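To be precise, the following lines are upload28.cif, and they hold mmCIF, C-alpha atoms and all ligand atoms.
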data_query
loop_
_atom_site.label_atom_id
_atom_site.label_comp_id
_atom_site.auth_asym_id
_atom_site.auth_seq_id
_atom_site.Cartn_x
_atom_site.Cartn_y
_atom_site.Cartn_z
CA MET A 1472 -10.65 14.91 1.47
CA LYS A 1473 -11.53 11.40 0.42
CA ASP A 1474 -13.64 12.65 -2.48
CA LEU A 1475 -10.92 14.82 -3.97
CA PRO A 1476 -9.17 13.63 -7.15
CA ASP A 1477 -5.43 12.93 -7.01
CA PRO A 1478 -4.33 16.19 -8.71
CA ASP A 1479 -6.30 18.26 -6.18
CA LEU A 1480 -4.72 16.38 -3.29
CA LEU A 1481 -1.31 16.91 -4.86
CA ALA A 1482 -1.94 20.63 -5.26
CA ARG A 1483 -2.91 20.84 -1.58
CA ALA A 1484 0.17 18.84 -0.64
CA ALA A 1485 2.31 21.31 -2.60
CA ARG A 1486 0.91 24.02 -0.32
CA GLY A 1487 1.96 22.00 2.72
CA ASP A 1488 -1.29 20.18 3.45
CA ARG A 1489 -0.11 17.08 5.21
CA ALA A 1490 -3.52 15.43 5.46
CA ALA A 1491 -3.91 15.72 1.68
CA PHE A 1492 -0.60 14.00 1.09
CA ASP A 1493 -1.39 11.29 3.64
CA GLU A 1494 -4.60 10.58 1.75
CA LEU A 1495 -2.73 10.51 -1.56
CA MET A 1496 -0.24 8.06 -0.11
CA ARG A 1497 -2.96 5.86 1.31
CA ARG A 1498 -4.54 5.58 -2.13
CA HIS A 1499 -1.39 4.43 -3.86
CA GLU A 1500 1.11 3.08 -1.31
CA ASP A 1501 0.10 -0.58 -1.51
CA ARG A 1502 0.36 -0.66 -5.29
CA VAL A 1503 3.65 1.24 -5.30
CA PHE A 1504 4.92 -1.22 -2.71
CA ALA A 1505 3.75 -4.25 -4.71
CA ILE A 1506 5.46 -2.96 -7.86
CA CYS A 1507 8.68 -2.06 -6.04
CA LEU A 1508 8.83 -5.34 -4.12
CA ARG A 1509 8.57 -7.30 -7.34
CA ILE A 1510 11.19 -5.20 -9.02
CA VAL A 1511 13.77 -5.04 -6.21
CA ARG A 1512 12.83 -8.42 -4.62
CA ASP A 1513 13.72 -7.44 -1.06
CA ARG A 1514 11.13 -6.22 1.40
CA GLU A 1515 13.40 -3.79 3.26
CA VAL A 1516 14.72 -2.34 0.01
CA ALA A 1517 11.18 -2.11 -1.33
CA LEU A 1518 10.13 -0.14 1.75
CA ASP A 1519 13.03 2.23 1.15
CA THR A 1520 12.05 2.69 -2.48
CA VAL A 1521 8.43 3.40 -1.55
CA GLN A 1522 9.60 6.02 0.92
CA ASP A 1523 11.95 7.60 -1.60
CA THR A 1524 9.22 7.54 -4.23
CA PHE A 1525 6.78 9.48 -2.08
CA LEU A 1526 9.48 11.88 -0.92
CA THR A 1527 10.30 12.66 -4.54
CA VAL A 1528 6.63 13.11 -5.35
CA PHE A 1529 6.13 15.38 -2.35
CA ARG A 1530 9.14 17.50 -3.22
CA LYS A 1531 8.14 17.79 -6.87
CA ALA A 1532 4.44 18.19 -6.17
CA GLY A 1533 4.56 21.81 -7.25
CA GLN A 1534 6.08 20.86 -10.60
CA PHE A 1535 3.36 18.42 -11.63
CA ARG A 1536 1.51 20.07 -14.51
CA GLY A 1537 -1.09 17.43 -15.16
CA GLU A 1538 0.05 16.68 -18.71
CA SER A 1539 0.05 13.03 -17.77
CA GLN A 1540 -2.11 11.27 -15.22
CA PHE A 1541 -0.87 11.56 -11.66
CA SER A 1542 -0.70 7.76 -11.37
CA THR A 1543 1.47 7.51 -14.51
CA TRP A 1544 3.87 10.04 -13.07
CA LEU A 1545 3.86 8.35 -9.65
CA TYR A 1546 4.61 4.90 -11.05
CA ARG A 1547 7.31 6.29 -13.31
CA VAL A 1548 8.98 7.84 -10.26
CA ALA A 1549 8.58 4.50 -8.45
CA VAL A 1550 10.14 2.45 -11.24
CA ASN A 1551 13.05 4.87 -11.62
CA THR A 1552 13.59 4.83 -7.87
CA CYS A 1553 13.69 1.03 -7.95
CA TYR A 1554 16.24 1.12 -10.76
CA ASP A 1555 18.39 3.51 -8.71
CA HIS A 1556 18.32 1.12 -5.76
CA LEU A 1557 19.14 -1.85 -7.97
CA ARG A 1558 22.08 -0.03 -9.51
CA ARG A 1559 23.39 0.79 -6.04
CA ARG A 1560 23.56 -2.87 -5.08
CA LYS A 1561 24.47 -4.13 -8.53
CA ARG A 1562 27.48 -6.07 -7.37
CA ARG A 1563 25.37 -8.35 -5.21
CA PRO A 1564 24.56 -11.68 -6.85
CA THR A 1565 20.97 -12.41 -7.81
CA GLU A 1566 18.93 -14.31 -5.28
CA PRO A 1567 19.31 -18.06 -5.52
CA LEU A 1568 16.33 -20.14 -6.61
CA PRO A 1569 14.67 -22.23 -3.90
CA GLU A 1570 16.48 -25.33 -2.78
CA GLY A 1571 15.65 -28.30 -4.99
CA PHE A 1572 14.68 -26.14 -7.91
CA GLU A 1573 16.49 -26.25 -11.22
CA PRO A 1574 15.48 -24.42 -14.35
CA PRO A 1575 13.23 -26.62 -16.48
CA ASP A 1576 15.13 -28.73 -18.89
CA ARG A 1577 13.48 -31.03 -21.38
CA HIS A 1578 15.78 -33.86 -20.35
CA VAL A 1579 15.10 -33.57 -16.64
CA ASP A 1580 12.93 -36.09 -14.86
CA SER A 1581 9.22 -35.34 -15.11
CA ALA A 1582 9.02 -34.97 -11.32
CA LEU A 1583 10.46 -31.50 -11.81
CA SER A 1584 7.12 -30.26 -13.01
CA SER A 1585 5.52 -31.05 -9.66
CA VAL A 1586 4.02 -28.11 -7.85
CA GLU A 1587 6.43 -28.27 -4.88
CA LEU A 1588 9.43 -27.77 -7.11
CA ARG A 1589 7.98 -24.88 -9.04
CA PRO A 1590 9.36 -21.54 -7.93
CA ASP A 1591 6.77 -18.98 -6.92
CA LEU A 1592 6.14 -15.97 -9.08
CA THR A 1593 8.44 -13.68 -7.10
CA THR A 1594 11.33 -16.11 -7.32
CA ALA A 1595 10.75 -16.73 -11.00
CA LEU A 1596 10.57 -12.99 -11.71
CA ALA A 1597 13.96 -12.62 -10.07
CA SER A 1598 15.51 -14.55 -12.93
CA LEU A 1599 14.35 -12.05 -15.53
CA SER A 1600 16.37 -9.02 -16.51
CA GLU A 1601 15.33 -5.71 -14.94
CA GLU A 1602 13.67 -4.51 -18.13
CA PHE A 1603 11.73 -7.71 -18.74
CA ARG A 1604 10.74 -8.02 -15.11
CA THR A 1605 9.49 -4.44 -14.84
CA THR A 1606 7.54 -4.66 -18.08
CA LEU A 1607 5.90 -7.93 -17.09
CA VAL A 1608 5.11 -6.70 -13.57
CA LEU A 1609 3.39 -3.59 -14.88
CA ALA A 1610 1.50 -5.30 -17.71
CA ASP A 1611 0.67 -8.79 -16.49
CA VAL A 1612 0.84 -8.49 -12.71
CA GLU A 1613 -0.53 -4.97 -12.23
CA GLY A 1614 -2.68 -5.09 -15.33
CA PHE A 1615 -1.76 -1.71 -16.83
CA PRO A 1616 -2.67 -1.40 -20.53
CA ILE A 1617 0.26 -1.48 -22.97
CA GLY A 1618 -0.04 2.27 -23.66
CA GLU A 1619 0.11 3.08 -19.95
CA VAL A 1620 3.14 0.82 -19.44
CA ALA A 1621 4.82 2.63 -22.35
CA ARG A 1622 4.15 6.02 -20.72
CA ILE A 1623 5.35 4.84 -17.29
CA LEU A 1624 8.56 3.42 -18.77
CA ASP A 1625 8.86 6.24 -21.30
CA VAL A 1626 9.41 3.85 -24.22
CA ALA A 1627 7.47 3.08 -27.42
CA GLU A 1628 4.51 0.72 -27.26
CA GLY A 1629 6.28 -1.60 -29.67
CA THR A 1630 9.16 -1.86 -27.23
CA VAL A 1631 6.77 -2.79 -24.44
CA LYS A 1632 5.15 -5.47 -26.58
CA SER A 1633 8.40 -6.99 -27.67
CA ARG A 1634 9.79 -7.03 -24.10
CA LEU A 1635 6.54 -8.49 -22.84
CA HIS A 1636 6.50 -11.31 -25.39
CA ARG A 1637 10.04 -12.31 -24.55
CA ALA A 1638 9.49 -11.90 -20.81
CA ARG A 1639 6.44 -14.19 -20.88
CA LYS A 1640 8.31 -16.89 -22.76
CA GLU A 1641 11.24 -16.65 -20.40
CA LEU A 1642 9.07 -16.63 -17.28
CA ALA A 1643 7.02 -19.57 -18.50
CA ARG A 1644 10.21 -21.49 -19.09
CA ILE A 1645 11.33 -20.74 -15.52
CA LEU A 1646 7.94 -21.56 -14.08
CA GLY A 1647 8.34 -24.97 -15.62
CA ASN A 1648 5.97 -25.09 -18.52
CA ARG A 1649 6.77 -28.64 -19.47
CA GLU A 1650 3.86 -28.98 -21.83
CA ALA A 1651 5.16 -26.12 -23.92
CA TRP A 1652 8.82 -26.90 -23.69
CA GLY A 1653 9.17 -30.63 -23.10
CA MET B 963 2.94 -21.90 -40.34
CA HIS B 964 3.00 -18.20 -41.20
CA GLU B 965 5.63 -15.58 -41.69
CA ARG B 966 4.77 -13.34 -38.77
CA HIS B 967 3.22 -14.73 -35.59
CA ASP B 968 0.48 -12.48 -34.23
CA LEU B 969 1.54 -12.60 -30.60
CA ASP B 970 -0.69 -9.68 -29.59
CA LEU B 971 -3.69 -11.62 -30.81
CA ILE B 972 -2.53 -14.76 -29.03
CA ALA B 973 -1.94 -12.82 -25.79
CA ALA B 974 -5.40 -11.29 -26.01
CA PHE B 975 -6.83 -14.77 -26.51
CA ALA B 976 -4.87 -16.04 -23.50
CA ARG B 977 -6.37 -13.21 -21.43
CA GLU B 978 -9.80 -14.21 -22.74
CA ALA B 979 -10.18 -10.67 -24.02
CA LEU B 980 -11.34 -11.48 -27.55
CA ALA B 981 -14.96 -11.19 -28.63
CA ASP B 982 -14.24 -13.50 -31.55
CA ALA B 983 -11.69 -16.12 -30.58
CA SER B 984 -11.78 -18.13 -33.79
CA PRO B 985 -8.87 -16.41 -35.62
CA ALA B 986 -6.62 -16.88 -32.60
CA ARG B 987 -7.74 -20.48 -32.22
CA ALA B 988 -6.93 -21.13 -35.88
CA LEU B 989 -3.41 -19.72 -35.39
CA ILE B 990 -2.79 -21.91 -32.37
CA GLU B 991 -4.00 -25.00 -34.18
CA SER B 992 -1.89 -24.36 -37.25
CA CYS B 993 1.33 -22.89 -35.82
CA PRO B 994 3.50 -24.56 -33.13
CA GLU B 995 5.15 -21.29 -32.21
CA CYS B 996 1.82 -19.51 -31.67
CA ALA B 997 0.64 -22.52 -29.67
CA GLU B 998 3.76 -22.38 -27.56
CA TYR B 999 3.31 -18.66 -26.92
CA TYR B 1000 -0.30 -19.24 -25.96
CA ARG B 1001 0.68 -21.85 -23.37
CA ALA B 1002 3.47 -19.66 -22.01
CA THR B 1003 1.15 -16.69 -21.60
CA ARG B 1004 -1.51 -18.82 -19.93
CA LEU B 1005 1.05 -20.19 -17.49
CA VAL B 1006 2.27 -16.70 -16.59
CA LEU B 1007 -1.24 -15.35 -16.14
CA GLU B 1008 -2.16 -18.34 -13.98
CA ALA B 1009 0.94 -17.78 -11.81
CA VAL B 1010 -0.05 -14.14 -11.44
CA ARG B 1011 -3.64 -15.02 -10.60
CA THR B 1012 -2.66 -17.36 -7.79
CA ASP B 1013 0.02 -15.11 -6.33
CA PRO B 1014 -1.33 -12.78 -3.64
CA ALA B 1015 -0.48 -9.10 -4.11
CA PRO B 1016 2.05 -7.94 -1.53
CA ARG B 1017 0.72 -5.39 0.94
CA LEU B 1018 2.25 -3.20 3.59
CA THR B 1019 1.69 -4.35 7.15
CA ASP B 1020 0.11 -1.83 9.55
CA LEU B 1021 3.47 -1.23 11.16
CA GLU B 1022 5.22 -0.72 7.81
CA ARG B 1023 2.47 1.65 6.73
CA TYR B 1024 2.76 3.62 9.92
CA ARG B 1025 6.54 3.82 9.70
CA LEU B 1026 6.37 4.87 6.06
CA HIS B 1027 4.13 7.84 6.85
CA ARG B 1028 6.17 8.75 9.90
CA ALA B 1029 9.44 8.58 7.97
CA ILE B 1030 8.05 10.81 5.24
CA TRP B 1031 6.98 13.47 7.71
CA GLU B 1032 10.18 13.30 9.70
CA GLU B 1033 12.04 13.84 6.45
CA VAL B 1034 9.96 16.70 5.08
CA ALA B 1035 8.99 18.43 8.33
CA PRO B 1036 11.65 21.13 7.97
CA GLU B 1037 10.62 21.69 4.35
CA ALA B 1038 6.87 21.81 4.81
CA PRO B 1039 5.21 25.09 5.73
CA ALA B 1040 4.94 25.20 9.50
CA ALA B 1041 1.71 25.15 11.43
CA SER B 1042 1.05 27.49 14.32
CA PRO B 1043 4.26 27.99 16.30
CA THR B 1044 2.59 27.75 19.68
CA SER B 1045 2.85 24.43 21.42
CA ARG B 1046 -0.90 24.24 21.80
CA GLY B 1047 -1.29 24.90 18.11
CA ARG B 1048 1.17 22.19 17.34
CA TRP B 1049 -0.58 19.47 19.23
CA TRP B 1050 -3.93 20.44 17.82
CA TYR B 1051 -2.47 20.38 14.39
CA ARG B 1052 -1.08 16.96 15.08
CA LEU B 1053 -4.31 15.74 16.62
CA ALA B 1054 -6.42 17.10 13.78
CA GLY B 1055 -4.31 15.37 11.17
CA ALA B 1056 -4.39 12.22 13.25
CA ALA B 1057 -8.14 12.44 13.62
CA ALA B 1058 -8.59 12.63 9.88
CA ALA B 1059 -6.61 9.44 9.48
CA LEU B 1060 -8.47 7.79 12.34
CA ALA B 1061 -11.85 8.73 10.94
CA ALA B 1062 -10.89 7.47 7.50
CA VAL B 1063 -10.12 4.06 8.91
CA VAL B 1064 -12.98 4.04 11.40
CA ALA B 1065 -15.35 4.86 8.54
CA VAL B 1066 -14.25 1.67 6.83
CA GLY B 1067 -14.28 -0.41 9.98
CA GLY B 1068 -17.43 1.22 11.30
CA VAL B 1069 -19.82 -1.21 9.68
CA LEU B 1070 -17.99 -4.16 11.15
CA GLY B 1071 -17.71 -2.35 14.45
CA ASN B 1072 -21.43 -1.77 14.62
CA GLY B 1073 -22.24 -5.35 13.82
CA ARG B 1074 -19.75 -6.68 16.28
CA ALA B 1075 -20.87 -4.38 19.04
CA ALA B 1076 -24.44 -5.54 18.73
CA GLU B 1077 -23.36 -9.07 19.54
CA GLU B 1078 -21.34 -8.07 22.55
CA PRO B 1079 -23.45 -7.24 25.57
CA THR B 1080 -20.34 -6.82 27.71
CA MET B 1081 -19.38 -3.71 25.80
CA THR B 1082 -21.01 -0.72 27.41
CA THR B 1083 -23.24 1.54 25.40
CA ALA B 1084 -20.98 4.44 26.16
CA ALA B 1085 -17.86 2.67 25.01
CA ARG B 1086 -19.61 1.49 21.91
CA GLU B 1087 -20.69 5.01 21.08
CA LEU B 1088 -17.15 6.13 21.48
CA PHE B 1089 -16.01 3.96 18.63
CA THR B 1090 -19.03 3.93 16.39
CA ALA B 1091 -19.98 7.59 16.43
CA ALA B 1092 -16.97 8.66 14.44
CA PRO B 1093 -18.16 7.60 10.95
CA ASP B 1094 -21.42 9.48 11.26
CA ALA B 1095 -19.68 12.46 12.70
CA MET B 1096 -17.19 12.33 9.87
CA ALA B 1097 -19.98 12.73 7.34
CA ASP B 1098 -20.99 16.02 8.92
CA ARG B 1099 -17.56 17.27 9.68
CA ASP B 1100 -18.25 20.77 8.50
CA GLU B 1101 -21.16 21.20 10.83
CA THR B 1102 -21.45 21.31 14.56
CA LEU B 1103 -22.01 17.81 15.79
CA ALA B 1104 -25.10 16.88 17.72
CA PRO B 1105 -24.50 15.41 21.18
CA LEU B 1106 -24.38 11.64 21.26
CA SER B 1107 -27.39 9.60 22.20
CA ALA B 1108 -28.47 8.69 25.74
CA GLY B 1109 -26.07 6.41 27.56
CA ALA B 1110 -23.08 8.17 26.15
CA GLU B 1111 -23.08 11.19 28.40
CA ALA B 1112 -19.55 10.53 29.47
CA PHE B 1113 -18.42 10.80 25.88
CA ASP B 1114 -18.49 13.51 23.37
CA THR B 1115 -17.06 14.15 19.98
CA THR B 1116 -15.50 17.50 19.37
CA GLU B 1117 -15.49 19.38 16.17
CA ALA B 1118 -11.76 19.21 15.71
CA ALA B 1119 -11.90 21.54 12.74
CA SER B 1120 -12.96 24.47 14.89
CA SER B 1121 -10.19 23.73 17.37
CA ALA B 1122 -7.73 23.12 14.60
CA ALA B 1123 -8.58 26.39 12.89
CA GLY B 1124 -5.92 28.08 15.01
CA ALA B 1125 -3.34 25.69 13.62
CA GLY B 1126 -3.49 27.41 10.28
CA GLU B 1127 -3.50 26.26 6.68
CA ALA B 1128 -1.61 23.04 7.30
CA ALA B 1129 -4.61 21.51 9.03
CA ASP B 1130 -6.94 22.37 6.16
CA GLY B 1131 -9.37 19.58 5.49
CA ALA B 1132 -8.43 17.68 8.61
CA GLY B 1133 -11.56 18.62 10.46
CA ALA B 1134 -12.56 15.15 11.56
CA PRO B 1135 -13.82 14.62 15.09
CA THR B 1136 -11.74 12.85 17.66
CA VAL B 1137 -12.87 10.75 20.60
CA VAL B 1138 -13.11 12.53 23.91
CA PHE B 1139 -13.56 10.96 27.31
CA SER B 1140 -12.92 11.54 30.98
CA ALA B 1141 -10.38 9.74 33.18
CA ALA B 1142 -13.19 8.05 35.08
CA ASP B 1143 -14.07 6.11 31.94
CA LEU B 1144 -10.57 4.83 31.27
CA PRO B 1145 -11.32 1.14 31.98
CA GLU B 1146 -14.24 1.13 29.54
CA VAL B 1147 -12.29 3.03 26.91
CA ALA B 1148 -9.35 0.65 27.25
CA SER B 1149 -11.66 -2.35 27.01
CA ALA B 1150 -13.39 -1.06 23.88
CA PHE B 1151 -10.04 -0.21 22.32
CA THR B 1152 -8.74 -3.71 23.14
CA ASP B 1153 -11.70 -5.20 21.28
CA ARG B 1154 -11.02 -3.03 18.24
CA VAL B 1155 -7.35 -4.02 18.25
CA SER B 1156 -8.18 -7.73 18.47
CA ALA B 1157 -10.68 -7.31 15.63
CA GLY B 1158 -7.95 -5.71 13.51
CA GLU B 1159 -9.88 -2.44 13.31
CA ALA B 1160 -7.47 -0.19 15.16
CA VAL B 1161 -4.63 1.47 13.25
CA ILE B 1162 -1.25 3.01 13.84
CA GLU B 1163 -1.74 6.68 13.20
CA PRO B 1164 1.10 8.04 11.05
CA THR B 1165 1.70 11.06 13.27
CA PHE B 1166 2.26 8.97 16.40
CA ASP B 1167 5.65 10.07 17.66
CA CYS B 1168 6.33 8.68 21.13
CA ALA B 1169 9.63 7.06 20.29
CA GLU B 1170 9.70 4.42 23.01
CA TRP B 1171 6.62 2.78 21.55
CA ALA B 1172 6.92 3.91 17.98
CA ASP B 1173 10.20 2.08 17.53
CA ALA B 1174 9.03 -1.14 19.16
CA ASP B 1175 8.48 -4.06 16.84
CA ASP B 1176 5.30 -5.22 18.56
CA LEU B 1177 3.30 -2.01 18.23
CA LEU B 1178 -0.22 -2.89 17.06
CA ALA B 1179 -2.14 0.36 17.20
CA ALA B 1180 -1.79 4.00 18.18
CA GLU B 1181 -4.87 6.17 17.95
CA PRO B 1182 -5.33 9.75 19.09
CA ALA B 1183 -7.92 10.75 21.64
CA GLU B 1184 -8.57 13.45 24.21
CA MET B 1185 -8.90 12.79 27.92
CA ASP B 1186 -10.11 15.58 30.20
CA GLY B 1187 -9.03 18.17 27.68
CA GLU B 1188 -5.55 16.78 27.11
CA PRO B 1189 -4.39 14.90 23.99
CA VAL B 1190 -3.57 11.25 24.60
CA TRP B 1191 -2.70 8.21 22.56
CA LEU B 1192 -4.49 4.89 22.87
CA LEU B 1193 -1.73 2.35 22.41
CA ALA B 1194 -1.75 -1.39 21.90
CA HIS B 1195 1.23 -3.70 21.63
CA GLY B 1196 2.10 -7.36 22.00
CA GLU B 1197 -0.23 -10.05 20.69
CA ARG B 1198 -3.29 -9.07 18.71
CA ASP B 1199 -5.39 -11.68 20.51
CA ALA B 1200 -4.49 -10.29 23.92
CA PRO B 1201 -2.92 -6.88 23.41
CA SER B 1202 -1.40 -4.77 26.15
CA VAL B 1203 -3.27 -1.48 26.10
CA GLU B 1204 -1.99 1.79 27.48
CA VAL B 1205 -3.11 5.38 27.43
CA VAL B 1206 -0.21 7.76 26.99
CA ASP B 1207 -0.11 11.50 27.48
CA ALA B 1208 0.62 12.88 24.01
CA ALA B 1209 2.66 15.86 25.13
CA GLU B 1210 4.96 14.03 27.53
CA CYS B 1211 4.78 10.48 26.15
CA VAL B 1212 4.18 9.07 29.64
CA VAL B 1213 1.73 6.36 30.56
CA VAL B 1214 -1.40 7.63 32.31
CA TYR B 1215 -3.21 4.28 32.26
CA PRO B 1216 -2.93 1.67 33.63
CA HIS B 1217 -1.88 3.49 36.80
CA GLY B 1218 1.35 2.61 38.61
ZN ZN C 1 2.54 -18.49 -35.39
#

Now that the file is in, can you turn its structure into structure tokens?
Amino acid sequence: MKDLPDPDLLARAARGDRAAFDELMRRHEDRVFAICLRIVRDREVALDTVQDTFLTVFRKAGQFRGESQFSTWLYRVAVNTCYDHLRRRKRRPTEPLPEGFEPPDRHVDSALSSVELRPDLTTALASLSEEFRTTLVLADVEGFPIGEVARILDVAEGTVKSRLHRARKELARILGNREAWG
Amino acid sequence: MHERHDLDLIAAFAREALADASPARALIESCPECAEYYRATRLVLEAVRTDPAPRLTDLERYRLHRAIWEEVAPEAPAASPTSRGRWWYRLAGAAAALAAVVAVGGVLGNGRAAEEPTMTTAARELFTAAPDAMADRDETLAPLSAGAEAFDTTEAASSAAGAGEAADGAGAPTVVFSAADLPEVASAFTDRVSAGEAVIEPTFDCAEWADADDLLAAEPAEMDGEPVWLLAHGERDAPSVEVVDAAECVVVYPHG
């Protein structure tokens, strides 16, 4: 079972083989969780999205034709599931930044650049728009190549690049890049 | 300054992915905007590098698998309808998961066991035989070595065959022991829990324990021919260990 490639496990799962699907989940669940947690920014919600992602994959297992890689399909389902969850709780305000933190400002006292006052990556990511955050998570955090990010998000590579450039600048500003911005 | 900043080149330079870095370096030296983008990208990549990747906890992992199967159980093709078939199906699937984890932890387990004279040979065999057995899962397993007479591994695949297609590929062995060896089994299991080697098997379904927030491990086994769960909860350093009858979800050890 452990030697079988993902598409074979998926085909077995489509025939009701539970052990095959458990193995498939074990291979990918941590990465799906990491992506979802960084997109939805709430552990409980992330757990829900991971569950919904694998339920969708299980139910559509028989429809997977192998035109794309299984992982591309899986992460696309995951990202779309995250977006669905975000839309459902859209009216909630974004999470506040940590106490004592203010967005970097070139006029602010230099103490702001101290490590303690820097927000962590997760908090900083929360300030980005959904599209920028997801693009940056897939490309810079998870390390997917630009072409793979484009396939997961179903957009052109140029779109990925442009979102990524702007997301990096924005995130660096939030992380407090005083050398670049002061 | 140039008309169009080559941000892809700068990003590749920031990732240290360029064989020849001199064109990127020239851009950064001559263009403030390229220099700014370089510093921004470096800062982001450094933040990513120092931020640990989130992972599921054992309990979250277990609950995820359980939730999936609770949700899809009515949709998935059923295993054998007999109750005996059902528990074998469950045990076989559980054993596959157990063996997968034991195979990873087996090396550690072996090393640890060698340093622990208090652990009986038999108990040690119980928890270290699984990886080897796993490798030969399609063949009849040889009896365990001397000192482990009380223990045996069964070829779960042959038993699971009656459970039908759903158990396909889940032919891993499970641990088998007799009630007389309960204290040793519990002790060995306690050690594995404390070492972080024991897992919560996704198919574990005794609600009283499964829904508790302090569940540490639930692994399938067979005692005197009946399926049981080895359970651990509480603190990992000093876990409470129980053996629970899998069919009834009642504690069979410790007694009373
Ligand atoms: Zn430039």

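The spacing separating CA of Glu995 (chain B) from CA of Thr1605 (chain A) amounts to 24.6 Å.
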
Find the spatial neighbours of region 1590-1596 of chain A, counting only C-alpha atoms, within a cut-off of 7 Å - ignore same-chain residues fewer than 6 positions away - and output them as an MDAnalysis selection string. (chainID A and resid 1509 1568:1569 1604 1642 1645:1646) or (chainID B and resid 1009:1010 1013)

Using all atoms listed in the file, can you tell me which of A:Val1631, A:Val1626, A:Ala1549, A:Leu1481 comes closest to Phe1603 (chain A)? A:Val1631

Counting all atoms listed in the file, which residues come within 9 Å of (13.4, 0.4, -9.1), with the point read in the file's coordinates, and could you list them as a JSON list (two decimals) with C-alpha atoms, in the coordinates of the input?
[["chain", "number", "residue", "atom", "x", "y", "z"],
["A", 1506, "ILE", "CA", 5.46, -2.96, -7.86],
["A", 1507, "CYS", "CA", 8.68, -2.06, -6.04],
["A", 1508, "LEU", "CA", 8.83, -5.34, -4.12],
["A", 1510, "ILE", "CA", 11.19, -5.20, -9.02],
["A", 1511, "VAL", "CA", 13.77, -5.04, -6.21],
["A", 1517, "ALA", "CA", 11.18, -2.11, -1.33],
["A", 1520, "THR", "CA", 12.05, 2.69, -2.48],
["A", 1548, "VAL", "CA", 8.98, 7.84, -10.26],
["A", 1549, "ALA", "CA", 8.58, 4.50, -8.45],
["A", 1550, "VAL", "CA", 10.14, 2.45, -11.24],
["A", 1551, "ASN", "CA", 13.05, 4.87, -11.62],
["A", 1552, "THR", "CA", 13.59, 4.83, -7.87],
["A", 1553, "CYS", "CA", 13.69, 1.03, -7.95],
["A", 1554, "TYR", "CA", 16.24, 1.12, -10.76],
["A", 1555, "ASP", "CA", 18.39, 3.51, -8.71],
["A", 1556, "HIS", "CA", 18.32, 1.12, -5.76],
["A", 1557, "LEU", "CA", 19.14, -1.85, -7.97],
["A", 1558, "ARG", "CA", 22.08, -0.03, -9.51],
["A", 1601, "GLU", "CA", 15.33, -5.71, -14.94],
["A", 1605, "THR", "CA", 9.49, -4.44, -14.84]]

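Every residue having at least one atom no farther than 10 Å from ligand ZN 1 (chain C) is included below, with only C-alpha atoms and all ligand atoms taken into account: Met963, His964, Glu965, Arg966, His967, Asp968, Leu969, Ile972, Ala986, Ala988, Leu989, Ile990, Glu991, Ser992, Cys993, Pro994, Glu995, Cys996, Ala997, Glu998, Tyr999 and Tyr1000 of chain B.
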
With C-alpha atoms retained, export the selected residues as an mmCIF file, in the frame of the given file.
data_model
loop_
_atom_site.group_PDB
_atom_site.id
_atom_site.type_symbol
_atom_site.label_atom_id
_atom_site.label_comp_id
_atom_site.auth_asym_id
_atom_site.auth_seq_id
_atom_site.Cartn_x
_atom_site.Cartn_y
_atom_site.Cartn_z
ATOM 1 C CA MET B 963 2.940 -21.900 -40.340
ATOM 2 C CA HIS B 964 3.000 -18.200 -41.200
ATOM 3 C CA GLU B 965 5.630 -15.580 -41.690
ATOM 4 C CA ARG B 966 4.770 -13.340 -38.770
ATOM 5 C CA HIS B 967 3.220 -14.730 -35.590
ATOM 6 C CA ASP B 968 0.480 -12.480 -34.230
ATOM 7 C CA LEU B 969 1.540 -12.600 -30.600
ATOM 8 C CA ILE B 972 -2.530 -14.760 -29.030
ATOM 9 C CA ALA B 986 -6.620 -16.880 -32.600
ATOM 10 C CA ALA B 988 -6.930 -21.130 -35.880
ATOM 11 C CA LEU B 989 -3.410 -19.720 -35.390
ATOM 12 C CA ILE B 990 -2.790 -21.910 -32.370
ATOM 13 C CA GLU B 991 -4.000 -25.000 -34.180
ATOM 14 C CA SER B 992 -1.890 -24.360 -37.250
ATOM 15 C CA CYS B 993 1.330 -22.890 -35.820
ATOM 16 C CA PRO B 994 3.500 -24.560 -33.130
ATOM 17 C CA GLU B 995 5.150 -21.290 -32.210
ATOM 18 C CA CYS B 996 1.820 -19.510 -31.670
ATOM 19 C CA ALA B 997 0.640 -22.520 -29.670
ATOM 20 C CA GLU B 998 3.760 -22.380 -27.560
ATOM 21 C CA TYR B 999 3.310 -18.660 -26.920
ATOM 22 C CA TYR B 1000 -0.300 -19.240 -25.960
#

Taking all atoms listed in the file into account, what are the residues of chain A at most 7 Å from chain B, put as a list of chain:residue names?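 Interface list for chain A against chain B: A:Met1472, A:Gly1487, A:Asp1488, A:Arg1489, A:Ala1490, A:Asp1501, A:Phe1504, A:Ala1505, A:Gln1522, A:Leu1526, A:Leu1592, A:Asp1611, A:Val1612, A:Arg1639, A:Lys1640, A:Leu1642, A:Ala1643, A:Asn1648, A:Ala1651.
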
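If you count all atoms listed in the file and ignore residues fewer than 5 places along the chain from region 1180-1185 of chain B, what sits within 9 Å of it is Leu1053, Ala1056, Ala1057, Leu1060, Thr1136, Val1137, Val1138, Phe1139, Ser1140, Ala1141, Leu1144, Ala1160, Val1161, Ile1162, Glu1163, Pro1164, Phe1166, Ala1172, Val1190, Trp1191, Leu1192, Leu1193, Ala1194, His1195, Asp1207 and Ala1208 of chain B.
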
Write out as a PyMOL selection string the residues lying within 10 Å of Pro1478 (chain A), counting all atoms listed in the file and excluding same-chain residues fewer than 4 positions away. chain A and resi 1482-1484+1495+1532+1535-1537+1540-1542
